[in-house]
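Okay, coords_9.cif is below, mmCIF, C-alpha atoms:
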```cif
data_query
loop_
_atom_site.label_atom_id
_atom_site.label_comp_id
_atom_site.auth_asym_id
_atom_site.auth_seq_id
_atom_site.Cartn_x
_atom_site.Cartn_y
_atom_site.Cartn_z
CA MET P 1 16.66 -1.28 15.30
CA ARG P 2 13.97 1.39 15.27
CA ASP P 3 10.52 0.81 16.76
CA LEU P 4 7.70 0.49 14.22
CA VAL P 5 3.95 0.18 14.63
CA ILE P 6 1.45 -1.11 12.09
CA VAL P 7 -1.71 1.00 11.93
CA GLY P 8 -4.58 -1.37 11.20
CA ALA P 9 -4.89 -4.78 12.84
CA GLY P 10 -7.08 -6.53 10.28
CA GLY P 11 -6.07 -8.94 7.54
CA HIS P 12 -4.05 -6.35 5.65
CA GLY P 13 -2.26 -5.50 8.88
CA ARG P 14 -1.30 -9.11 9.49
CA GLU P 15 -0.08 -9.40 5.91
CA THR P 16 2.01 -6.28 6.48
CA LEU P 17 3.49 -7.94 9.55
CA ASP P 18 4.53 -10.79 7.22
CA VAL P 19 6.44 -8.25 5.14
CA LEU P 20 8.14 -6.79 8.21
CA GLU P 21 9.12 -10.22 9.52
CA ALA P 22 10.52 -11.26 6.14
CA ILE P 23 12.66 -8.10 6.05
CA ASN P 24 13.96 -8.74 9.56
CA ALA P 25 14.73 -12.37 8.74
CA GLU P 26 17.22 -11.15 6.11
CA THR P 27 18.46 -7.97 7.77
CA PRO P 28 17.25 -7.03 11.26
CA THR P 29 15.79 -3.58 10.67
CA TRP P 30 12.64 -2.97 12.69
CA ASN P 31 11.49 -3.66 16.23
CA PHE P 32 7.77 -4.36 15.89
CA ALA P 33 6.15 -2.49 18.78
CA GLY P 34 2.58 -3.67 18.08
CA PHE P 35 -0.57 -2.80 16.20
CA ILE P 36 -2.51 0.46 16.41
CA ASP P 37 -6.25 0.31 15.74
CA ASP P 38 -9.25 2.56 16.42
CA GLY P 39 -11.85 -0.21 16.09
CA ASP P 40 -12.67 -3.75 17.12
CA VAL P 41 -10.05 -6.40 16.39
CA ASP P 42 -9.83 -10.20 16.44
CA ASP P 43 -7.58 -10.80 19.42
CA ASP P 44 -7.26 -14.51 18.68
CA LEU P 45 -5.87 -13.91 15.20
CA LEU P 46 -3.38 -11.42 16.59
CA ALA P 47 -2.41 -13.81 19.38
CA ASN P 48 -1.65 -16.45 16.75
CA ARG P 49 1.00 -14.04 15.48
CA GLY P 50 2.31 -13.21 18.94
CA ALA P 51 1.05 -9.64 18.50
CA GLN P 52 -1.36 -7.28 20.18
CA VAL P 53 -2.95 -3.85 19.84
CA ILE P 54 -1.08 -1.34 21.98
CA GLY P 55 -3.65 1.44 21.61
CA ASP P 56 -5.56 3.66 19.21
CA THR P 57 -4.05 6.22 16.85
CA ASN P 58 -3.85 8.81 19.63
CA VAL P 59 -0.97 6.76 21.09
CA LEU P 60 1.21 7.92 18.22
CA GLU P 61 1.01 11.56 19.29
CA SER P 62 3.55 10.74 22.00
CA LEU P 63 5.05 7.40 20.95
CA ASP P 64 8.45 7.74 19.26
CA ALA P 65 8.01 5.10 16.56
CA ALA P 66 7.83 4.91 12.80
CA TYR P 67 4.54 3.75 11.30
CA VAL P 68 3.12 1.99 8.30
CA ILE P 69 -0.61 2.22 7.57
CA ALA P 70 -1.98 -1.23 6.74
CA ILE P 71 -5.44 -0.18 5.59
CA GLY P 72 -6.36 -0.87 1.99
CA TRP P 73 -8.96 1.86 1.43
CA PRO P 74 -7.11 4.94 0.12
CA PRO P 75 -9.19 7.76 1.70
CA ILE P 76 -8.78 6.31 5.19
CA ARG P 77 -5.06 5.77 4.65
CA ALA P 78 -4.62 9.34 3.39
CA ASN P 79 -6.46 10.86 6.35
CA LEU P 80 -4.46 8.83 8.87
CA ASP P 81 -1.19 9.70 7.16
CA ARG P 82 -1.93 13.43 7.33
CA ARG P 83 -2.80 13.14 11.01
CA LEU P 84 0.25 11.11 11.97
CA SER P 85 2.60 13.26 9.89
CA ALA P 86 1.30 16.37 11.65
CA TRP P 87 2.50 14.82 14.91
CA GLY P 88 5.98 14.42 13.46
CA ARG P 89 5.84 10.66 13.11
CA GLN P 90 7.73 9.13 10.16
CA ALA P 91 6.21 6.73 7.63
CA ALA P 92 8.29 3.60 6.98
CA THR P 93 8.79 1.93 3.61
CA LEU P 94 8.55 -1.88 3.62
CA ILE P 95 9.68 -4.00 0.65
CA HIS P 96 9.36 -7.76 0.96
CA PRO P 97 12.56 -9.62 0.03
CA ALA P 98 10.51 -11.65 -2.46
CA ALA P 99 9.44 -8.49 -4.31
CA THR P 100 11.59 -7.30 -7.22
CA VAL P 101 12.56 -3.70 -7.82
CA ALA P 102 14.64 -2.86 -10.88
CA SER P 103 16.48 0.34 -11.82
CA ASP P 104 15.88 4.10 -11.79
CA ASN P 105 12.80 4.18 -9.56
CA VAL P 106 11.53 6.73 -7.03
CA PHE P 107 9.45 5.64 -4.03
CA GLY P 108 7.67 7.92 -1.58
CA LYS P 109 7.61 7.31 2.16
CA GLY P 110 5.23 4.65 3.43
CA VAL P 111 5.31 2.46 0.31
CA VAL P 112 4.58 -1.22 0.96
CA LEU P 113 5.49 -3.98 -1.51
CA ALA P 114 4.22 -7.45 -0.65
CA ALA P 115 5.72 -10.76 -1.73
CA GLY P 116 5.78 -11.19 -5.50
CA ALA P 117 5.24 -7.50 -6.27
CA ARG P 118 7.19 -6.34 -9.33
CA VAL P 119 8.40 -2.84 -10.20
CA THR P 120 10.46 -2.44 -13.36
CA THR P 121 12.28 0.69 -14.51
CA ASN P 122 11.65 4.46 -14.24
CA VAL P 123 8.61 4.00 -12.04
CA HIS P 124 7.45 6.62 -9.52
CA LEU P 125 5.39 5.37 -6.57
CA GLY P 126 3.88 8.13 -4.46
CA ARG P 127 3.56 8.30 -0.71
CA ASP P 128 1.84 5.32 0.96
CA VAL P 129 1.29 3.41 -2.28
CA HIS P 130 0.54 -0.27 -1.60
CA LEU P 131 1.36 -3.10 -4.00
CA ASN P 132 -0.25 -6.26 -2.74
CA VAL P 133 0.82 -9.82 -3.56
CA ASN P 134 1.93 -10.26 -7.21
CA ALA P 135 0.97 -6.73 -8.30
CA VAL P 136 3.08 -5.38 -11.19
CA VAL P 137 3.98 -1.82 -12.25
CA SER P 138 5.81 -1.62 -15.57
CA HIS P 139 8.22 0.91 -17.06
CA ASP P 140 7.74 4.67 -17.03
CA SER P 141 4.55 4.58 -14.95
CA ARG P 142 3.51 7.07 -12.26
CA ILE P 143 1.33 6.07 -9.31
CA GLY P 144 -0.10 8.81 -7.09
CA ASP P 145 -0.13 9.02 -3.31
CA HIS P 146 -2.20 6.55 -1.24
CA THR P 147 -3.17 4.40 -4.21
CA THR P 148 -3.84 0.69 -3.61
CA LEU P 149 -3.01 -2.12 -6.03
CA SER P 150 -4.81 -5.27 -4.89
CA PRO P 151 -3.38 -8.77 -5.52
CA GLY P 152 -2.55 -9.52 -9.13
CA VAL P 153 -3.05 -6.01 -10.52
CA LEU P 154 -1.08 -5.41 -13.74
CA ILE P 155 -0.08 -1.86 -14.68
CA ASN P 156 1.48 -1.77 -18.13
CA GLY P 157 4.08 0.72 -19.34
CA SER P 158 3.68 4.51 -19.40
CA VAL P 159 0.55 4.54 -17.26
CA THR P 160 -0.34 7.51 -15.04
CA ILE P 161 -2.53 6.84 -12.01
CA GLY P 162 -3.71 9.65 -9.76
CA HIS P 163 -3.94 9.97 -6.01
CA GLY P 164 -6.17 7.76 -3.90
CA VAL P 165 -7.07 5.26 -6.61
CA PHE P 166 -8.21 1.75 -5.67
CA LEU P 167 -7.52 -1.07 -8.14
CA GLY P 168 -9.32 -4.32 -7.35
CA THR P 169 -7.89 -7.82 -7.59
CA GLY P 170 -6.63 -8.77 -11.04
CA ALA P 171 -7.38 -5.42 -12.68
CA ILE P 172 -5.34 -4.58 -15.78
CA VAL P 173 -4.43 -1.13 -17.08
CA THR P 174 -3.28 -1.14 -20.70
CA PRO P 175 -0.24 0.89 -21.86
CA GLY P 176 -0.34 4.67 -21.84
CA ARG P 177 -3.64 5.08 -20.01
CA THR P 178 -4.37 7.77 -17.39
CA ILE P 179 -6.60 7.20 -14.36
CA GLY P 180 -7.87 10.22 -12.44
CA ASP P 181 -7.73 10.84 -8.70
CA GLY P 182 -10.08 8.81 -6.53
CA ALA P 183 -11.21 6.39 -9.23
CA ILE P 184 -12.13 2.80 -8.36
CA ILE P 185 -11.18 0.04 -10.79
CA GLY P 186 -13.25 -3.08 -10.13
CA ALA P 187 -11.76 -6.53 -9.71
CA GLY P 188 -10.90 -8.13 -13.05
CA SER P 189 -11.61 -4.98 -15.04
CA VAL P 190 -9.47 -4.04 -18.05
CA VAL P 191 -8.83 -0.33 -18.53
CA VAL P 192 -8.47 0.43 -22.24
CA ALA P 193 -9.27 4.18 -22.17
CA ASP P 194 -8.42 7.11 -19.94
CA VAL P 195 -10.53 7.18 -16.75
CA PRO P 196 -11.92 10.44 -15.28
CA PRO P 197 -11.46 11.23 -11.59
CA GLY P 198 -13.86 9.72 -9.08
CA VAL P 199 -15.61 7.17 -11.28
CA THR P 200 -16.02 3.40 -10.78
CA VAL P 201 -14.87 1.20 -13.64
CA LYS P 202 -16.22 -2.32 -14.15
CA GLY P 203 -15.93 -5.01 -16.81
CA VAL P 204 -13.95 -6.00 -19.88
CA PRO P 205 -13.41 -3.57 -21.44
CA GLY P 206 -13.81 -1.30 -18.44
CA ARG P 207 -16.85 1.02 -18.49
CA TRP P 208 -18.25 3.62 -16.11
#
```
Represent the structure of the file as structure tokens.
Amino acid sequence: MRDLVIVGAGGHGRETLDVLEAINAETPTWNFAGFIDDGDVDDDLLANRGAQVIGDTNVLESLDAAYVIAIGWPPIRANLDRRLSAWGRQAATLIHPAATVASDNVFGKGVVLAAGARVTTNVHLGRDVHLNVNAVVSHDSRIGDHTTLSPGVLINGSVTIGHGVFLGTGAIVTPGRTIGDGAIIGAGSVVVADVPPGVTVKGVPGRW
């Protein structure tokens, strides 16, 4: 089994550890080497999981381990990924056994699918795309690098989402819509029109 570190020791990091442990329970794949974090962490919560922080991100310049970035905010994830990739480290893809992935899909490195995530057919997920619990991406959709789908997000068919987009809990994107790079879709919002880059969408229907 190859060593793997989780970058980010907060709640999303512990959820990502759940994904890793579920994978290993079915097919031993990864040796979890510990968390990497540049900030303050809750040591008690990590201890409850039998885990610890082994250092900050500088550790990965010399540590021969794969990584997954468990930080929900896309710009931070993108910056870390560029830095770690420049050191020659390899991003791991983690798909929970309770996620479903159908046919004819393309996933970039570093993709994380949590329990209950659903990906149907002819879907492209870019590098470091995160689908949280029960997020759905339907047929013929394209999701750009470092985009985050929070729990319960529903992407309908033939949707194009740019790089670094954040979709809040329960957001819905209706069929055929396009969302520009860096947009933020608020929790519970319903996207019924194309969204320009960099804007924040709120409400039903979504407005900016």
Could you state which residues are captured by the PyMOL selection byres ((chain P and resi 180) around 10) in this file, as number ranges by chain?
P: 144, 160-165, 178-179, 181-184, 194-199
Within 8 Å of (-7.0, -4.2, 10.4), all atoms listed in the file: residues as an MDAnalysis selection string?
chainID P and resid 7:14 37 41 70:71
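From atom CA of P:Leu20 back to atom CA of P:Ile95, the distance works out to 8.2 Å.
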Mind checking which residues fall within 8 Å of P:Gly186, counting all atoms listed in the file, ignoring those fewer than 6 positions away in the same chain, and posting them as a VMD selection string?
chain P and resid 167 to 169 171 200 to 203
Contacts of P:Ala92 at 7 Å or less, counting all atoms listed in the file, minus same-chain residues fewer than 4 places along, as a VMD selection string?
chain P and resid 66 to 68 109 to 110
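Distances from P:Val19, P:Gly157, P:Leu60, P:Val136 to P:Ala114 were compared using only C-alpha atoms, and the smallest one belongs to P:Val19.
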Just checking: using only C-alpha atoms, which residue out of P:Val192, P:Val129, P:Leu84, P:Val5 ends up closest to P:Gln52?
P:Val5
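Counting from atom CA of P:Ala187, the distance to atom CA of P:Arg82 is 28.0 Å.
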With all atoms listed in the file as the atoms that count, which of P:Ile36, P:Leu45, P:Val123, P:Leu80 lies nearest to P:Val159?
P:Val123
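The smallest atom-to-atom distance between P:Gly50 and any of P:Ala65, P:Leu131, P:Ile23, P:Leu17, using only C-alpha atoms, is found for P:Leu17.
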Can you find the residues with an atom no farther than 7 Å from (-2.7, -8.0, 18.1), counting all atoms listed in the file, and report them as number ranges by chain?
P: 9, 34-35, 43, 46-47, 51-53
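Considering the residues P:Val190, P:Met1, P:Ile6, P:Ile76 and counting only C-alpha atoms, P:Thr148 has its shortest atom-to-atom contact with P:Ile76.
For the pair atom CA of P:Ala78 and atom CA of P:Ala193, the interatomic distance is 26.5 Å.
Considering all atoms listed in the file, the residue among P:Asn122, P:Asn58, P:Thr27, P:Ser103 positioned nearest to P:Arg83 is P:Asn58.
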Report as an MDAnalysis selection string the residues that result from applying the PyMOL selection byres ((chain P and resi 29) around 10) to the structure here.
chainID P and resid 1:4 20:21 23:28 30:32
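Put simply, the PyMOL selection byres ((chain P and resi 74) around 6) on this file hits Trp73, Pro75, Ile76, Arg77, His146, Thr147 and Gly164 of chain P.
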